[in-house]
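Data from input-v4.cif: mmCIF, C-alpha atoms
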```
data_my_file
loop_
_atom_site.label_atom_id
_atom_site.label_comp_id
_atom_site.auth_asym_id
_atom_site.auth_seq_id
_atom_site.Cartn_x
_atom_site.Cartn_y
_atom_site.Cartn_z
CA MET S 1 -139.17 81.41 -113.09
CA ILE S 2 -137.33 84.07 -111.15
CA ASP S 3 -137.52 87.55 -112.62
CA ILE S 4 -134.86 90.03 -111.59
CA GLU S 5 -135.32 93.73 -112.23
CA ILE S 6 -132.32 95.97 -111.63
CA GLU S 7 -133.84 99.40 -111.09
CA ASP S 8 -130.77 100.97 -109.45
CA GLU S 9 -127.70 100.64 -111.66
CA ARG S 10 -125.37 100.54 -108.64
CA TRP S 11 -126.41 96.89 -108.16
CA ARG S 12 -124.50 96.20 -111.39
CA GLU S 13 -121.29 96.97 -109.48
CA ILE S 14 -121.64 93.40 -108.21
CA PRO S 15 -120.53 91.10 -111.03
CA ASN S 16 -123.49 88.93 -112.07
CA ALA S 17 -125.79 90.43 -109.39
CA ASP S 18 -128.88 89.10 -111.15
CA GLY S 19 -127.38 85.61 -111.41
CA LEU S 20 -126.37 85.63 -107.73
CA ALA S 21 -129.87 86.72 -106.69
CA SER S 22 -131.51 84.10 -108.89
CA THR S 23 -129.24 81.32 -107.62
CA ALA S 24 -129.90 82.30 -104.00
CA ALA S 25 -133.67 82.32 -104.61
CA LEU S 26 -133.65 78.92 -106.33
CA SER S 27 -131.46 77.38 -103.64
CA THR S 28 -133.80 78.73 -100.98
CA LEU S 29 -136.89 77.33 -102.69
CA LYS S 30 -135.24 73.93 -102.96
CA SER S 31 -134.23 73.95 -99.29
CA ALA S 32 -137.24 75.59 -97.66
CA HIS S 33 -140.07 73.18 -98.35
CA PRO S 34 -142.05 71.87 -95.37
CA ARG S 35 -140.75 68.60 -93.98
CA GLU S 36 -142.69 65.33 -93.94
CA GLY S 37 -145.58 65.36 -91.51
CA GLY S 38 -147.06 68.79 -92.16
CA ASP S 39 -146.54 72.03 -90.27
CA PRO S 40 -142.88 72.29 -89.30
CA GLY S 41 -143.73 74.70 -86.45
CA PHE S 42 -141.56 77.59 -87.58
CA LEU S 43 -143.82 79.15 -90.18
CA SER S 44 -145.61 82.37 -89.37
CA GLU S 45 -149.12 82.02 -87.99
CA GLY S 46 -151.61 81.70 -90.82
CA ALA S 47 -148.95 80.92 -93.42
CA ARG S 48 -150.54 79.77 -96.65
CA VAL S 49 -147.90 77.19 -97.44
CA SER S 50 -149.22 73.79 -98.37
CA GLU S 51 -147.62 70.83 -100.09
CA LYS S 52 -149.60 71.77 -103.23
CA ALA S 53 -148.14 75.30 -103.16
CA TRP S 54 -144.60 73.91 -103.21
CA VAL S 55 -144.98 71.63 -106.20
CA PRO S 56 -144.61 74.30 -108.92
CA ALA S 57 -141.45 75.76 -107.39
CA PHE S 58 -139.76 72.42 -107.00
CA GLU S 59 -140.91 70.76 -110.17
CA GLY S 60 -139.71 73.72 -112.27
CA MET S 61 -143.22 74.19 -113.56
CA SER S 62 -144.82 77.61 -113.25
CA GLY S 63 -143.80 78.79 -109.76
CA SER S 64 -142.23 82.22 -109.92
CA LEU S 65 -141.20 85.28 -107.98
CA MET S 66 -139.92 88.77 -108.70
CA ILE S 67 -136.80 90.37 -107.17
CA LEU S 68 -136.43 94.13 -107.45
CA LEU S 69 -132.92 95.49 -106.90
CA THR S 70 -133.63 99.13 -106.19
CA ASP S 71 -132.66 102.03 -103.92
CA ASP S 72 -133.44 103.24 -100.40
CA GLU S 73 -136.04 105.75 -101.55
CA THR S 74 -138.13 103.15 -103.39
CA VAL S 75 -137.92 100.71 -100.48
CA ARG S 76 -138.78 103.54 -98.06
CA GLU S 77 -141.91 104.30 -100.10
CA LEU S 78 -142.91 100.62 -100.19
CA ASN S 79 -142.22 100.22 -96.48
CA GLY S 80 -144.36 103.27 -95.71
CA ARG S 81 -147.22 102.25 -97.97
CA PHE S 82 -147.45 98.59 -96.99
CA ARG S 83 -146.00 98.42 -93.48
CA GLY S 84 -146.61 101.93 -92.13
CA LYS S 85 -142.87 102.47 -91.55
CA ASP S 86 -141.51 105.59 -93.24
CA LYS S 87 -137.91 104.41 -93.51
CA PRO S 88 -135.80 102.25 -95.77
CA THR S 89 -134.87 98.72 -94.80
CA ASN S 90 -132.59 96.16 -96.40
CA VAL S 91 -135.20 93.74 -97.79
CA LEU S 92 -138.98 93.66 -98.06
CA SER S 93 -141.02 90.59 -98.94
CA PHE S 94 -144.54 90.67 -100.35
CA PRO S 95 -146.09 87.19 -100.42
CA ALA S 96 -148.66 86.68 -103.16
CA ILE S 97 -152.12 85.41 -102.44
CA GLU S 98 -152.67 81.81 -103.47
CA ASN S 99 -152.97 81.71 -107.25
CA PRO S 100 -153.16 79.09 -110.01
CA GLU S 101 -150.02 80.44 -111.71
CA GLY S 102 -147.85 79.54 -108.72
CA PHE S 103 -146.59 83.12 -108.29
CA ILE S 104 -144.97 83.24 -104.84
CA GLY S 105 -144.45 87.00 -104.44
CA ASP S 106 -142.09 89.95 -104.70
CA ILE S 107 -138.90 90.94 -102.92
CA ALA S 108 -137.32 94.42 -102.95
CA LEU S 109 -133.77 95.21 -101.81
CA ALA S 110 -132.43 98.71 -101.09
CA PHE S 111 -128.93 99.32 -102.43
CA GLU S 112 -127.71 101.98 -99.98
CA THR S 113 -128.89 100.09 -96.89
CA CYS S 114 -127.51 96.77 -98.13
CA ALA S 115 -124.16 98.31 -99.12
CA ARG S 116 -123.85 100.11 -95.77
CA GLU S 117 -124.65 96.92 -93.84
CA ALA S 118 -122.17 94.86 -95.84
CA ASP S 119 -119.49 97.47 -95.20
CA GLU S 120 -120.29 97.67 -91.46
CA GLN S 121 -120.25 93.87 -91.20
CA GLY S 122 -117.02 93.53 -93.20
CA LYS S 123 -118.49 91.24 -95.85
CA PRO S 124 -118.72 91.38 -99.64
CA LEU S 125 -121.90 93.01 -100.90
CA ALA S 126 -122.41 89.95 -103.15
CA HIS S 127 -122.63 87.71 -100.06
CA HIS S 128 -125.02 90.10 -98.32
CA LEU S 129 -127.18 90.18 -101.46
CA GLN S 130 -127.46 86.40 -101.50
CA HIS S 131 -128.24 86.31 -97.77
CA LEU S 132 -131.00 88.90 -98.06
CA VAL S 133 -132.51 87.20 -101.10
CA ALA S 134 -132.60 83.90 -99.19
CA HIS S 135 -134.09 85.68 -96.18
CA GLY S 136 -136.71 87.37 -98.36
CA VAL S 137 -137.69 84.15 -100.13
CA LEU S 138 -138.10 82.40 -96.78
CA HIS S 139 -140.54 85.14 -95.79
CA LEU S 140 -142.42 84.66 -99.07
CA VAL S 141 -143.01 81.00 -98.33
CA GLY S 142 -144.13 81.59 -94.75
CA TYR S 143 -141.06 81.57 -92.53
CA ASP S 144 -140.80 84.27 -89.89
CA HIS S 145 -138.69 85.36 -86.93
CA GLU S 146 -141.28 86.76 -84.54
CA SER S 147 -140.37 84.30 -81.78
CA ASP S 148 -136.93 83.09 -80.71
CA ALA S 149 -137.76 79.58 -81.93
CA GLN S 150 -138.82 80.88 -85.34
CA ALA S 151 -135.70 83.05 -85.57
CA GLN S 152 -133.41 80.15 -84.69
CA ALA S 153 -135.05 77.86 -87.25
CA MET S 154 -134.98 80.52 -89.97
CA GLU S 155 -131.36 81.49 -89.30
CA ALA S 156 -130.28 77.82 -89.30
CA LEU S 157 -131.91 77.34 -92.70
CA GLU S 158 -130.29 80.53 -94.01
CA ARG S 159 -126.89 79.25 -92.87
CA GLU S 160 -127.49 75.91 -94.61
CA ILE S 161 -128.60 77.55 -97.86
CA LEU S 162 -125.74 80.04 -97.90
CA SER S 163 -123.17 77.40 -97.06
CA GLY S 164 -124.26 75.54 -100.19
CA LEU S 165 -123.61 78.74 -102.16
CA GLY S 166 -120.15 79.20 -100.65
CA VAL S 167 -121.26 82.17 -98.53
CA PRO S 168 -119.92 82.26 -94.95
CA ASP S 169 -122.28 82.25 -91.95
CA PRO S 170 -123.94 85.70 -92.05
CA TYR S 171 -124.59 85.58 -88.29
CA ALA S 172 -121.06 84.60 -87.25
CA ALA S 173 -120.24 88.07 -85.89
CA GLY S 174 -123.48 88.02 -83.91
CA ASP S 175 -124.48 91.59 -84.71
CA GLN S 176 -126.60 91.19 -87.82
CA GLY S 177 -129.97 90.65 -86.15
CA HIS S 178 -133.11 89.92 -88.10
CA HIS S 179 -134.07 91.43 -91.41
CA GLY S 180 -137.24 93.06 -92.72
#
```
As structure tokens, how would this structure be written, given the file I've shared?
Amino acid sequence: MIDIEIEDERWREIPNADGLASTAALSTLKSAHPREGGDPGFLSEGARVSEKAWVPAFEGMSGSLMILLTDDETVRELNGRFRGKDKPTNVLSFPAIENPEGFIGDIALAFETCAREADEQGKPLAHHLQHLVAHGVLHLVGYDHESDAQAQAMEALEREILSGLGVPDPYAAGDQGHHG
């Protein structure tokens, strides 16, 4: 189950924002599972992902995550408390510890930062929302972009997921960089 909480009402300016976020998260979970043969080599060091951990998400059993659509101030506070960075960012991911309920973790998105980025990049905020949700879910399940190889693998998967949602390549302009 994917729970969406809209804390900042400006997210409602995007028609069906909660549905778009949920669809992006589900599509990411379906696309992001480790390939046959174990460690795919692009997960962050110490990632807790195992075949067992993926079963609930893909079988529609009890795997779940929470997406908070909030504002810059809330994300700034979370970023400061958990990452030691006293500034807002577009998306934060908080992977859950392994648990029998199959809870994967939480994602928080900051409206002002996301809206500004979408405007600067000349893309619809709805597309940017889906990209950042996909990016955040990939972090929840162990993907990272610390190395160039990890970044390339993660961005390729994001492109594939978003293409399936009808969202153009978010990196086409080449100036988007990596996300939080």
Would you kindly translate the PyMOL selection byres ((chain S and resi 106-123) around 9) into the concrete residues it picks from this file, as a CSV table (one decimal) with C-alpha atoms, in the coordinates of the input?
```
chain,number,residue,atom,x,y,z
S,8,ASP,CA,-130.8,101.0,-109.4
S,10,ARG,CA,-125.4,100.5,-108.6
S,11,TRP,CA,-126.4,96.9,-108.2
S,65,LEU,CA,-141.2,85.3,-108.0
S,66,MET,CA,-139.9,88.8,-108.7
S,67,ILE,CA,-136.8,90.4,-107.2
S,68,LEU,CA,-136.4,94.1,-107.4
S,69,LEU,CA,-132.9,95.5,-106.9
S,70,THR,CA,-133.6,99.1,-106.2
S,71,ASP,CA,-132.7,102.0,-103.9
S,72,ASP,CA,-133.4,103.2,-100.4
S,73,GLU,CA,-136.0,105.8,-101.6
S,74,THR,CA,-138.1,103.2,-103.4
S,75,VAL,CA,-137.9,100.7,-100.5
S,76,ARG,CA,-138.8,103.5,-98.1
S,78,LEU,CA,-142.9,100.6,-100.2
S,88,PRO,CA,-135.8,102.2,-95.8
S,89,THR,CA,-134.9,98.7,-94.8
S,90,ASN,CA,-132.6,96.2,-96.4
S,91,VAL,CA,-135.2,93.7,-97.8
S,92,LEU,CA,-139.0,93.7,-98.1
S,93,SER,CA,-141.0,90.6,-98.9
S,94,PHE,CA,-144.5,90.7,-100.4
S,95,PRO,CA,-146.1,87.2,-100.4
S,96,ALA,CA,-148.7,86.7,-103.2
S,103,PHE,CA,-146.6,83.1,-108.3
S,104,ILE,CA,-145.0,83.2,-104.8
S,105,GLY,CA,-144.4,87.0,-104.4
S,124,PRO,CA,-118.7,91.4,-99.6
S,125,LEU,CA,-121.9,93.0,-100.9
S,126,ALA,CA,-122.4,90.0,-103.2
S,127,HIS,CA,-122.6,87.7,-100.1
S,128,HIS,CA,-125.0,90.1,-98.3
S,129,LEU,CA,-127.2,90.2,-101.5
S,132,LEU,CA,-131.0,88.9,-98.1
S,133,VAL,CA,-132.5,87.2,-101.1
S,136,GLY,CA,-136.7,87.4,-98.4
S,137,VAL,CA,-137.7,84.2,-100.1
S,140,LEU,CA,-142.4,84.7,-99.1
S,170,PRO,CA,-123.9,85.7,-92.0
S,173,ALA,CA,-120.2,88.1,-85.9
S,175,ASP,CA,-124.5,91.6,-84.7
S,176,GLN,CA,-126.6,91.2,-87.8
```
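Taking CA of Ala149 (chain S) as the reference point, CA of Ala32 (chain S) is found at 16.2 Å.
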**Study point:** Proximity to Asn16 (chain S) - best of S:Gln152, S:Asn79, S:Gln130, S:Ser31, only C-alpha atoms
**Key:** S:Gln130
Using the file's own x, y and z axes, what box holds all listed atoms of region 65-69 of chain S with 6 Å on each side, keeping edges along x, y and z, and what are its centre and edge lengths in Å to one decimal, as lines of an AutoDock Vina configuration file?
```
center_x = -137.1
center_y = 90.4
center_z = -107.8
size_x = 20.3
size_y = 22.2
size_z = 13.8
```
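Put simply, CA of Lys85 (chain S) is 25.7 Å away from CA of Ala25 (chain S).
Between CA of Arg83 (chain S) and CA of Ile97 (chain S) the separation is 16.9 Å.
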Practice item. Report as number ranges by chain the residues that result from applying the PyMOL selection byres ((chain S and resi 22) around 9) to the structure here. Key: S: 2-4, 17-21, 23-27, 67, 130, 133
Same residues, C-alpha atoms, output as a PDB file, in the coordinates of the input:
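File produced: selection-v7.pdb:
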```
ATOM      1  CA  ILE S   2    -137.330  84.070-111.150  1.00  0.00           C
ATOM      2  CA  ASP S   3    -137.520  87.550-112.620  1.00  0.00           C
ATOM      3  CA  ILE S   4    -134.860  90.030-111.590  1.00  0.00           C
ATOM      4  CA  ALA S  17    -125.790  90.430-109.390  1.00  0.00           C
ATOM      5  CA  ASP S  18    -128.880  89.100-111.150  1.00  0.00           C
ATOM      6  CA  GLY S  19    -127.380  85.610-111.410  1.00  0.00           C
ATOM      7  CA  LEU S  20    -126.370  85.630-107.730  1.00  0.00           C
ATOM      8  CA  ALA S  21    -129.870  86.720-106.690  1.00  0.00           C
ATOM      9  CA  THR S  23    -129.240  81.320-107.620  1.00  0.00           C
ATOM     10  CA  ALA S  24    -129.900  82.300-104.000  1.00  0.00           C
ATOM     11  CA  ALA S  25    -133.670  82.320-104.610  1.00  0.00           C
ATOM     12  CA  LEU S  26    -133.650  78.920-106.330  1.00  0.00           C
ATOM     13  CA  SER S  27    -131.460  77.380-103.640  1.00  0.00           C
ATOM     14  CA  ILE S  67    -136.800  90.370-107.170  1.00  0.00           C
ATOM     15  CA  GLN S 130    -127.460  86.400-101.500  1.00  0.00           C
ATOM     16  CA  VAL S 133    -132.510  87.200-101.100  1.00  0.00           C
TER      17      VAL S 133
END
```
Study note, to complete from the structure: Residue with the minimum atom-to-atom distance to Lys30 (chain S), picked from S:Ala134, S:Tyr143, S:Phe82, S:Met154 with all atoms listed in the file counted, is S:Ala134
What does the PyMOL selection byres ((chain S and resi 153) around 12) select in this file, as a PDB file with C-alpha atoms, in the frame of the given file?
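This is the output file result-v9.pdb:
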```pdb
ATOM      1  CA  ALA S  32    -137.240  75.590 -97.660  1.00  0.00           C
ATOM      2  CA  PRO S  40    -142.880  72.290 -89.300  1.00  0.00           C
ATOM      3  CA  GLY S  41    -143.730  74.700 -86.450  1.00  0.00           C
ATOM      4  CA  PHE S  42    -141.560  77.590 -87.580  1.00  0.00           C
ATOM      5  CA  LEU S  43    -143.820  79.150 -90.180  1.00  0.00           C
ATOM      6  CA  SER S  44    -145.610  82.370 -89.370  1.00  0.00           C
ATOM      7  CA  HIS S 135    -134.090  85.680 -96.180  1.00  0.00           C
ATOM      8  CA  LEU S 138    -138.100  82.400 -96.780  1.00  0.00           C
ATOM      9  CA  TYR S 143    -141.060  81.570 -92.530  1.00  0.00           C
ATOM     10  CA  ASP S 144    -140.800  84.270 -89.890  1.00  0.00           C
ATOM     11  CA  HIS S 145    -138.690  85.360 -86.930  1.00  0.00           C
ATOM     12  CA  GLU S 146    -141.280  86.760 -84.540  1.00  0.00           C
ATOM     13  CA  SER S 147    -140.370  84.300 -81.780  1.00  0.00           C
ATOM     14  CA  ASP S 148    -136.930  83.090 -80.710  1.00  0.00           C
ATOM     15  CA  ALA S 149    -137.760  79.580 -81.930  1.00  0.00           C
ATOM     16  CA  GLN S 150    -138.820  80.880 -85.340  1.00  0.00           C
ATOM     17  CA  ALA S 151    -135.700  83.050 -85.570  1.00  0.00           C
ATOM     18  CA  GLN S 152    -133.410  80.150 -84.690  1.00  0.00           C
ATOM     19  CA  MET S 154    -134.980  80.520 -89.970  1.00  0.00           C
ATOM     20  CA  GLU S 155    -131.360  81.490 -89.300  1.00  0.00           C
ATOM     21  CA  ALA S 156    -130.280  77.820 -89.300  1.00  0.00           C
ATOM     22  CA  LEU S 157    -131.910  77.340 -92.700  1.00  0.00           C
ATOM     23  CA  GLU S 158    -130.290  80.530 -94.010  1.00  0.00           C
ATOM     24  CA  ARG S 159    -126.890  79.250 -92.870  1.00  0.00           C
ATOM     25  CA  GLU S 160    -127.490  75.910 -94.610  1.00  0.00           C
TER      26      GLU S 160
END
```
